[in-house]
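See below for input_28.pdb, which holds PDB, C-alpha atoms, pLDDT in the B column.
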MODEL        1
ATOM      1  CA  MET A  27       0.000   0.000   0.000  1.00 44.00           C
ATOM      2  CA  LEU A  28       1.218   3.498  -0.755  1.00 48.00           C
ATOM      3  CA  ASN A  29       2.256   5.682   2.173  1.00 51.00           C
ATOM      4  CA  TRP A  30      -0.095   8.546   1.287  1.00 48.00           C
ATOM      5  CA  ALA A  31      -3.068   6.102   1.266  1.00 48.00           C
ATOM      6  CA  ARG A  32      -2.291   4.787   4.766  1.00 48.00           C
ATOM      7  CA  GLY A  33      -4.232   7.597   6.427  1.00 49.00           C
ATOM      8  CA  PHE A  34      -7.383   6.800   4.474  1.00 51.00           C
ATOM      9  CA  CYS A  35      -7.379   3.066   5.179  1.00 49.00           C
ATOM     10  CA  TRP A  36      -9.966   2.247   7.839  1.00 49.00           C
ATOM     11  CA  PRO A  37      -8.180  -0.647   9.641  1.00 51.00           C
ATOM     12  CA  HIS A  38      -5.080   1.528   9.911  1.00 50.00           C
ATOM     13  CA  ARG A  39      -7.141   4.304  11.537  1.00 50.00           C
ATOM     14  CA  LEU A  40      -8.397   1.807  14.115  1.00 50.00           C
ATOM     15  CA  ALA A  41      -4.839   0.857  14.959  1.00 50.00           C
ATOM     16  CA  VAL A  42      -3.885   4.524  15.371  1.00 49.00           C
ATOM     17  CA  ASN A  43      -6.830   5.160  17.734  1.00 53.00           C
ATOM     18  CA  LYS A  44      -5.796   2.504  20.272  1.00 58.00           C
ATOM     19  CA  GLU A  45      -4.071   5.188  22.322  1.00 61.00           C
ATOM     20  CA  ASN A  46      -7.354   7.103  22.495  1.00 70.00           C
ATOM     21  CA  GLU A  47      -9.482   4.049  23.219  1.00 74.00           C
ATOM     22  CA  ALA A  48     -10.331   5.086  26.798  1.00 72.00           C
ATOM     23  CA  MET A  49     -11.455   8.521  25.638  1.00 78.00           C
ATOM     24  CA  ASP A  50     -13.545   6.970  22.850  1.00 83.00           C
ATOM     25  CA  ARG A  51     -15.347   4.822  25.409  1.00 85.00           C
ATOM     26  CA  ILE A  52     -16.036   7.817  27.624  1.00 87.00           C
ATOM     27  CA  VAL A  53     -17.378   9.777  24.652  1.00 89.00           C
ATOM     28  CA  PHE A  54     -19.606   6.818  23.707  1.00 90.00           C
ATOM     29  CA  VAL A  55     -21.121   6.678  27.207  1.00 92.00           C
ATOM     30  CA  ALA A  56     -21.586  10.456  27.211  1.00 93.00           C
ATOM     31  CA  MET A  57     -23.373  10.272  23.839  1.00 95.00           C
ATOM     32  CA  LEU A  58     -25.713   7.583  25.213  1.00 95.00           C
ATOM     33  CA  TYR A  59     -26.595   9.853  28.123  1.00 96.00           C
ATOM     34  CA  LEU A  60     -27.054  12.878  25.841  1.00 96.00           C
ATOM     35  CA  GLY A  61     -29.301  10.868  23.527  1.00 96.00           C
ATOM     36  CA  ALA A  62     -31.346   9.704  26.520  1.00 97.00           C
ATOM     37  CA  ALA A  63     -31.683  13.262  27.802  1.00 97.00           C
ATOM     38  CA  ALA A  64     -32.765  14.543  24.369  1.00 97.00           C
ATOM     39  CA  CYS A  65     -35.350  11.772  23.925  1.00 97.00           C
ATOM     40  CA  LEU A  66     -36.747  12.268  27.415  1.00 97.00           C
ATOM     41  CA  LEU A  67     -36.939  16.034  26.886  1.00 97.00           C
ATOM     42  CA  LEU A  68     -38.829  15.657  23.585  1.00 97.00           C
ATOM     43  CA  GLY A  69     -41.103  13.013  25.073  1.00 97.00           C
ATOM     44  CA  SER A  70     -41.911  15.065  28.149  1.00 97.00           C
ATOM     45  CA  GLY A  71     -42.708  18.097  25.971  1.00 96.00           C
ATOM     46  CA  ALA A  72     -45.092  16.027  23.863  1.00 95.00           C
ATOM     47  CA  ALA A  73     -46.661  14.486  26.984  1.00 96.00           C
ATOM     48  CA  TYR A  74     -47.159  17.974  28.451  1.00 95.00           C
ATOM     49  CA  GLU A  75     -48.920  19.056  25.266  1.00 93.00           C
ATOM     50  CA  ARG A  76     -51.266  16.057  25.446  1.00 94.00           C
ATOM     51  CA  ILE A  77     -52.008  16.691  29.139  1.00 94.00           C
ATOM     52  CA  GLU A  78     -52.623  20.383  28.507  1.00 93.00           C
ATOM     53  CA  TYR A  79     -55.041  19.481  25.702  1.00 92.00           C
ATOM     54  CA  ARG A  80     -56.962  17.133  27.998  1.00 93.00           C
ATOM     55  CA  LEU A  81     -57.175  19.735  30.770  1.00 93.00           C
ATOM     56  CA  TYR A  82     -57.841  22.981  28.908  1.00 93.00           C
ATOM     57  CA  ALA A  83     -59.181  22.294  25.389  1.00 90.00           C
ATOM     58  CA  GLU A  84     -62.823  23.093  24.867  1.00 91.00           C
ATOM     59  CA  PRO A  85     -64.828  22.482  21.668  1.00 92.00           C
ATOM     60  CA  ALA A  86     -66.294  25.594  20.078  1.00 93.00           C
ATOM     61  CA  THR A  87     -67.146  27.272  16.805  1.00 93.00           C
ATOM     62  CA  MET A  88     -65.288  30.353  15.618  1.00 93.00           C
ATOM     63  CA  GLU A  89     -67.068  33.269  14.015  1.00 91.00           C
ATOM     64  CA  LEU A  90     -66.291  36.924  13.430  1.00 90.00           C
ATOM     65  CA  ALA A  91     -66.848  39.057  16.534  1.00 87.00           C
ATOM     66  CA  ASP A  92     -68.401  41.836  14.446  1.00 85.00           C
ATOM     67  CA  PRO A  93     -70.096  40.349  11.368  1.00 80.00           C
ATOM     68  CA  ALA A  94     -70.923  43.836  10.042  1.00 79.00           C
ATOM     69  CA  LYS A  95     -67.218  44.652   9.758  1.00 82.00           C
ATOM     70  CA  LYS A  96     -65.832  43.502   6.403  1.00 81.00           C
ATOM     71  CA  LEU A  97     -62.835  41.165   6.657  1.00 80.00           C
ATOM     72  CA  VAL A  98     -60.228  41.817   3.964  1.00 77.00           C
ATOM     73  CA  VAL A  99     -58.153  38.747   3.118  1.00 77.00           C
ATOM     74  CA  PRO A 100     -54.931  39.375   1.172  1.00 75.00           C
ATOM     75  CA  GLU A 101     -54.340  37.171  -1.851  1.00 76.00           C
ATOM     76  CA  GLY A 102     -51.010  35.694  -2.710  1.00 71.00           C
ATOM     77  CA  GLY A 103     -48.192  33.954  -0.922  1.00 66.00           C
ATOM     78  CA  TYR A 104     -48.329  35.585   2.498  1.00 72.00           C
ATOM     79  CA  ASP A 105     -52.030  35.523   3.244  1.00 78.00           C
ATOM     80  CA  LEU A 106     -52.188  35.848   7.026  1.00 83.00           C
ATOM     81  CA  THR A 107     -54.637  38.333   8.432  1.00 84.00           C
ATOM     82  CA  MET A 108     -55.716  39.482  11.877  1.00 87.00           C
ATOM     83  CA  ALA A 109     -59.320  39.734  12.979  1.00 87.00           C
ATOM     84  CA  ASP A 110     -61.447  39.893  16.103  1.00 90.00           C
ATOM     85  CA  VAL A 111     -63.159  36.518  16.495  1.00 92.00           C
ATOM     86  CA  ARG A 112     -65.584  34.937  18.905  1.00 92.00           C
ATOM     87  CA  TYR A 113     -65.530  31.341  20.151  1.00 93.00           C
ATOM     88  CA  VAL A 114     -69.011  30.082  20.929  1.00 92.00           C
ATOM     89  CA  SER A 115     -69.277  26.918  22.999  1.00 89.00           C
ATOM     90  CA  GLY A 116     -72.353  25.706  24.814  1.00 84.00           C
ATOM     91  CA  ALA A 117     -73.480  28.563  27.038  1.00 79.00           C
ATOM     92  CA  SER A 118     -70.270  30.591  26.943  1.00 85.00           C
ATOM     93  CA  SER A 119     -68.748  32.956  24.432  1.00 89.00           C
ATOM     94  CA  VAL A 120     -65.145  34.224  24.361  1.00 90.00           C
ATOM     95  CA  VAL A 121     -64.024  37.195  22.261  1.00 91.00           C
ATOM     96  CA  VAL A 122     -60.414  37.006  21.073  1.00 91.00           C
ATOM     97  CA  PRO A 123     -59.048  40.312  19.770  1.00 91.00           C
ATOM     98  CA  GLN A 124     -56.511  40.373  16.938  1.00 89.00           C
ATOM     99  CA  LYS A 125     -56.410  36.618  16.286  1.00 90.00           C
ATOM    100  CA  VAL A 126     -53.971  35.675  13.514  1.00 89.00           C
ATOM    101  CA  LEU A 127     -55.826  33.701  10.844  1.00 88.00           C
ATOM    102  CA  ALA A 128     -54.477  31.720   7.920  1.00 85.00           C
ATOM    103  CA  GLY A 129     -55.805  32.508   4.460  1.00 82.00           C
ATOM    104  CA  PRO A 130     -58.251  29.605   4.029  1.00 85.00           C
ATOM    105  CA  ILE A 131     -59.699  30.089   7.528  1.00 88.00           C
ATOM    106  CA  ALA A 132     -60.055  33.847   6.978  1.00 86.00           C
ATOM    107  CA  ARG A 133     -61.793  33.264   3.638  1.00 86.00           C
ATOM    108  CA  GLN A 134     -64.324  30.934   5.267  1.00 88.00           C
ATOM    109  CA  LEU A 135     -65.018  33.464   8.013  1.00 88.00           C
ATOM    110  CA  ALA A 136     -65.374  36.280   5.451  1.00 86.00           C
ATOM    111  CA  ALA A 137     -67.949  34.138   3.639  1.00 87.00           C
ATOM    112  CA  GLY A 138     -69.962  33.878   6.874  1.00 87.00           C
ATOM    113  CA  GLN A 139     -69.128  30.271   7.681  1.00 90.00           C
ATOM    114  CA  LYS A 140     -68.478  29.061  11.223  1.00 92.00           C
ATOM    115  CA  ILE A 141     -65.384  26.968  11.893  1.00 92.00           C
ATOM    116  CA  ALA A 142     -65.273  24.106  14.381  1.00 93.00           C
ATOM    117  CA  LEU A 143     -62.212  24.045  16.621  1.00 94.00           C
ATOM    118  CA  PHE A 144     -60.862  23.343  20.085  1.00 94.00           C
ATOM    119  CA  TYR A 145     -59.518  26.355  21.939  1.00 92.00           C
ATOM    120  CA  TYR A 146     -57.453  26.387  25.111  1.00 91.00           C
ATOM    121  CA  THR A 147     -59.251  28.137  27.967  1.00 90.00           C
ATOM    122  CA  ASN A 148     -55.944  29.250  29.511  1.00 90.00           C
ATOM    123  CA  ASP A 149     -54.758  30.808  26.193  1.00 89.00           C
ATOM    124  CA  PRO A 150     -57.577  31.523  23.696  1.00 89.00           C
ATOM    125  CA  HIS A 151     -55.118  32.410  20.916  1.00 90.00           C
ATOM    126  CA  ARG A 152     -54.052  28.750  20.773  1.00 91.00           C
ATOM    127  CA  VAL A 153     -56.432  26.503  18.859  1.00 92.00           C
ATOM    128  CA  ARG A 154     -56.546  23.028  17.372  1.00 92.00           C
ATOM    129  CA  TYR A 155     -58.737  22.088  14.461  1.00 89.00           C
ATOM    130  CA  PRO A 156     -60.621  18.756  14.412  1.00 90.00           C
ATOM    131  CA  GLY A 157     -58.184  17.109  11.958  1.00 87.00           C
ATOM    132  CA  ASP A 158     -55.042  18.043  13.922  1.00 89.00           C
ATOM    133  CA  GLU A 159     -53.179  15.205  15.570  1.00 91.00           C
ATOM    134  CA  LEU A 160     -51.726  15.388  19.045  1.00 90.00           C
ATOM    135  CA  PRO A 161     -48.073  14.428  19.424  1.00 91.00           C
ATOM    136  CA  MET A 162     -47.311  10.879  20.553  1.00 93.00           C
ATOM    137  CA  PRO A 163     -44.715  10.945  23.348  1.00 94.00           C
ATOM    138  CA  TRP A 164     -44.525   7.206  23.945  1.00 95.00           C
ATOM    139  CA  GLY A 165     -41.822   6.464  21.370  1.00 95.00           C
ATOM    140  CA  TRP A 166     -39.600   9.301  22.607  1.00 96.00           C
ATOM    141  CA  LEU A 167     -40.057   8.273  26.245  1.00 96.00           C
ATOM    142  CA  ALA A 168     -39.368   4.600  25.499  1.00 97.00           C
ATOM    143  CA  GLY A 169     -36.282   5.501  23.437  1.00 96.00           C
ATOM    144  CA  GLY A 170     -35.024   7.731  26.238  1.00 97.00           C
ATOM    145  CA  ALA A 171     -35.522   4.984  28.809  1.00 97.00           C
ATOM    146  CA  VAL A 172     -33.682   2.461  26.624  1.00 97.00           C
ATOM    147  CA  LEU A 173     -30.787   4.853  25.978  1.00 96.00           C
ATOM    148  CA  ALA A 174     -30.578   5.735  29.685  1.00 96.00           C
ATOM    149  CA  GLY A 175     -30.448   2.029  30.558  1.00 96.00           C
ATOM    150  CA  LEU A 176     -27.764   1.376  27.947  1.00 95.00           C
ATOM    151  CA  GLY A 177     -25.820   4.403  29.176  1.00 94.00           C
ATOM    152  CA  ALA A 178     -25.969   3.213  32.784  1.00 95.00           C
ATOM    153  CA  TYR A 179     -24.885  -0.292  31.780  1.00 95.00           C
ATOM    154  CA  ALA A 180     -22.015   1.021  29.621  1.00 92.00           C
ATOM    155  CA  HIS A 181     -20.995   3.415  32.388  1.00 92.00           C
ATOM    156  CA  ARG A 182     -20.895   0.552  34.883  1.00 93.00           C
ATOM    157  CA  LEU A 183     -18.731  -1.525  32.525  1.00 90.00           C
ATOM    158  CA  LEU A 184     -16.453   1.452  31.963  1.00 87.00           C
ATOM    159  CA  ARG A 185     -15.985   2.020  35.697  1.00 88.00           C
ATOM    160  CA  ARG A 186     -15.350  -1.699  36.208  1.00 88.00           C
ATOM    161  CA  GLU A 187     -12.466  -1.481  33.696  1.00 80.00           C
ATOM    162  CA  GLY A 188     -11.056   1.523  35.513  1.00 74.00           C
ATOM    163  CA  ALA A 189     -10.905   3.745  32.454  1.00 53.00           C
TER     164      ALA A 189
ENDMDL
END
Translate the structure of the given file into structure tokens.
Amino acid sequence: MLNWARGFCWPHRLAVNKENEAMDRIVFVAMLYLGAAACLLLGSGAAYERIEYRLYAEPATMELADPAKKLVVPEGGYDLTMADVRYVSGASSVVVPQKVLAGPIARQLAAGQKIALFYYTNDPHRVRYPGDELPMPWGWLAGGAVLAGLGAYAHRLLRREGA
């Protein structure tokens, strides 16, 4: 083999890294713990969103707060508009000033249609529409638990070696 190609040969690179083997093991265990922390963080955020939906979401219909006021919807690429809307649910009614509306939703409201949604009672600007899916935290939480277990096992083996 040519000398200049020695650095690109994979088995040769493994032989060179034997002096850094202890550090590579420590980095591997640290990456397992970081992966576990990231998975558990994402899973707990998704679980919080599901719990918040169960506690605070209320079904309602959205309509314009002042139907006499004409809603102007811009056409084109950036078609967000702001309008005062009212959520009507059962016996209650909540007025939300300056709600940001996407183009298709704003067009339906301008046409006089009512839109079914779920709004959060603790923050009326946040809504979910009936077709929206809630995040599923179970895969992230299970992956985080598995990575944490593997990290703990690898850490125990690493300490047993004395590295």
Inset, instruction - Would you mind telling me which residue in A:Ala91, A:Ala64, A:Leu58, A:Val53 lies nearest to Trp166 (chain A) when using only C-alpha atoms? - result: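 Using only C-alpha atoms, the shortest distance to Trp166 (chain A) belongs to A:Ala64.
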Inset, instruction - Might you spell out which residues the PyMOL selection byres ((chain A and resi 158) around 12) would select in the displayed file, as a ChimeraX atom specification? - result: /A:79,142-144,153-157,159-161
Inset, instruction - Compile the contact shell of region 121-135 of chain A as JSON, numbers by chain: residues with an atom at most 12 Å away, counting only C-alpha atoms, same-chain residues fewer than 4 positions apart removed. - result: {"A": [87, 88, 89, 90, 91, 92, 93, 95, 96, 97, 98, 99, 100, 101, 102, 103, 104, 105, 106, 107, 108, 109, 110, 111, 112, 113, 114, 115, 139, 140, 141, 142, 143, 145, 146, 147, 149, 150, 151, 152, 153, 155]}
Can those selected residues be exported to a file as a PDB file, keeping the file's coordinate frame so that it contains C-alpha atoms?
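Output (again-v9.pdb):
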ATOM      1  CA  THR A  87     -67.146  27.272  16.805  1.00 93.00           C
ATOM      2  CA  MET A  88     -65.288  30.353  15.618  1.00 93.00           C
ATOM      3  CA  GLU A  89     -67.068  33.269  14.015  1.00 91.00           C
ATOM      4  CA  LEU A  90     -66.291  36.924  13.430  1.00 90.00           C
ATOM      5  CA  ALA A  91     -66.848  39.057  16.534  1.00 87.00           C
ATOM      6  CA  ASP A  92     -68.401  41.836  14.446  1.00 85.00           C
ATOM      7  CA  PRO A  93     -70.096  40.349  11.368  1.00 80.00           C
ATOM      8  CA  LYS A  95     -67.218  44.652   9.758  1.00 82.00           C
ATOM      9  CA  LYS A  96     -65.832  43.502   6.403  1.00 81.00           C
ATOM     10  CA  LEU A  97     -62.835  41.165   6.657  1.00 80.00           C
ATOM     11  CA  VAL A  98     -60.228  41.817   3.964  1.00 77.00           C
ATOM     12  CA  VAL A  99     -58.153  38.747   3.118  1.00 77.00           C
ATOM     13  CA  PRO A 100     -54.931  39.375   1.172  1.00 75.00           C
ATOM     14  CA  GLU A 101     -54.340  37.171  -1.851  1.00 76.00           C
ATOM     15  CA  GLY A 102     -51.010  35.694  -2.710  1.00 71.00           C
ATOM     16  CA  GLY A 103     -48.192  33.954  -0.922  1.00 66.00           C
ATOM     17  CA  TYR A 104     -48.329  35.585   2.498  1.00 72.00           C
ATOM     18  CA  ASP A 105     -52.030  35.523   3.244  1.00 78.00           C
ATOM     19  CA  LEU A 106     -52.188  35.848   7.026  1.00 83.00           C
ATOM     20  CA  THR A 107     -54.637  38.333   8.432  1.00 84.00           C
ATOM     21  CA  MET A 108     -55.716  39.482  11.877  1.00 87.00           C
ATOM     22  CA  ALA A 109     -59.320  39.734  12.979  1.00 87.00           C
ATOM     23  CA  ASP A 110     -61.447  39.893  16.103  1.00 90.00           C
ATOM     24  CA  VAL A 111     -63.159  36.518  16.495  1.00 92.00           C
ATOM     25  CA  ARG A 112     -65.584  34.937  18.905  1.00 92.00           C
ATOM     26  CA  TYR A 113     -65.530  31.341  20.151  1.00 93.00           C
ATOM     27  CA  VAL A 114     -69.011  30.082  20.929  1.00 92.00           C
ATOM     28  CA  SER A 115     -69.277  26.918  22.999  1.00 89.00           C
ATOM     29  CA  GLN A 139     -69.128  30.271   7.681  1.00 90.00           C
ATOM     30  CA  LYS A 140     -68.478  29.061  11.223  1.00 92.00           C
ATOM     31  CA  ILE A 141     -65.384  26.968  11.893  1.00 92.00           C
ATOM     32  CA  ALA A 142     -65.273  24.106  14.381  1.00 93.00           C
ATOM     33  CA  LEU A 143     -62.212  24.045  16.621  1.00 94.00           C
ATOM     34  CA  TYR A 145     -59.518  26.355  21.939  1.00 92.00           C
ATOM     35  CA  TYR A 146     -57.453  26.387  25.111  1.00 91.00           C
ATOM     36  CA  THR A 147     -59.251  28.137  27.967  1.00 90.00           C
ATOM     37  CA  ASP A 149     -54.758  30.808  26.193  1.00 89.00           C
ATOM     38  CA  PRO A 150     -57.577  31.523  23.696  1.00 89.00           C
ATOM     39  CA  HIS A 151     -55.118  32.410  20.916  1.00 90.00           C
ATOM     40  CA  ARG A 152     -54.052  28.750  20.773  1.00 91.00           C
ATOM     41  CA  VAL A 153     -56.432  26.503  18.859  1.00 92.00           C
ATOM     42  CA  TYR A 155     -58.737  22.088  14.461  1.00 89.00           C
TER      43      TYR A 155
END
Legend entry - Contacts of region 180-189 of chain A at 8 Å (all atoms listed in the file; same-chain gap of 5+ positions) as number ranges by chain: A: 48, 51-52, 55
Inset, instruction - Record the distance separating CA of Ala72 (chain A) and CA of Ala174 (chain A), expressed in Å with one decimal. - result: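 CA of Ala174 (chain A) lies 18.7 Å from CA of Ala72 (chain A).
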Inset, instruction - Would you list the residues near (-47.9, 15.7, 23.0) (no more than 10 Å away, in the coordinates of the file, using only C-alpha atoms) as a ChimeraX atom specification? - result: /A:68-79,159-164
Inset, instruction - Work out how far CA of Tyr59 (chain A) is from CA of Gly177 (chain A), in Å to one decimal. - result: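 Spanning CA of Gly177 (chain A) to CA of Tyr59 (chain A) is a straight-line distance of 5.6 Å.
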Where's the centre, and what are the edge lengths in Å to one decimal, of a box along x, y and z enclosing all listed atoms of region 125-138 of chain A padded 5 Å per side, as JSON?
{"center_x": -62.0, "center_y": 33.1, "center_z": 10.0, "size_x": 26.0, "size_y": 17.0, "size_z": 22.6}
Legend entry - Point-to-point distance from CA of Leu66 (chain A) to CA of Leu167 (chain A), Å rounded to tenths: 5.3 Å
Inset, instruction - Kindly indicate which residue among A:Ala171, A:Leu176, A:Ala136, A:Ala117 lies nearest to Ala86 (chain A), using only C-alpha atoms for the distances. - result: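 Using only C-alpha atoms, the shortest distance to Ala86 (chain A) belongs to A:Ala117.
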Inset, instruction - Choose the residue, out of A:Tyr82, A:Phe54, A:Ala137, A:Leu67, that has the smallest atom-to-atom separation from Ala168 (chain A); count all atoms listed in the file. - result: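 Once distances to Ala168 (chain A) are computed over all atoms listed in the file, the minimum belongs to A:Leu67.
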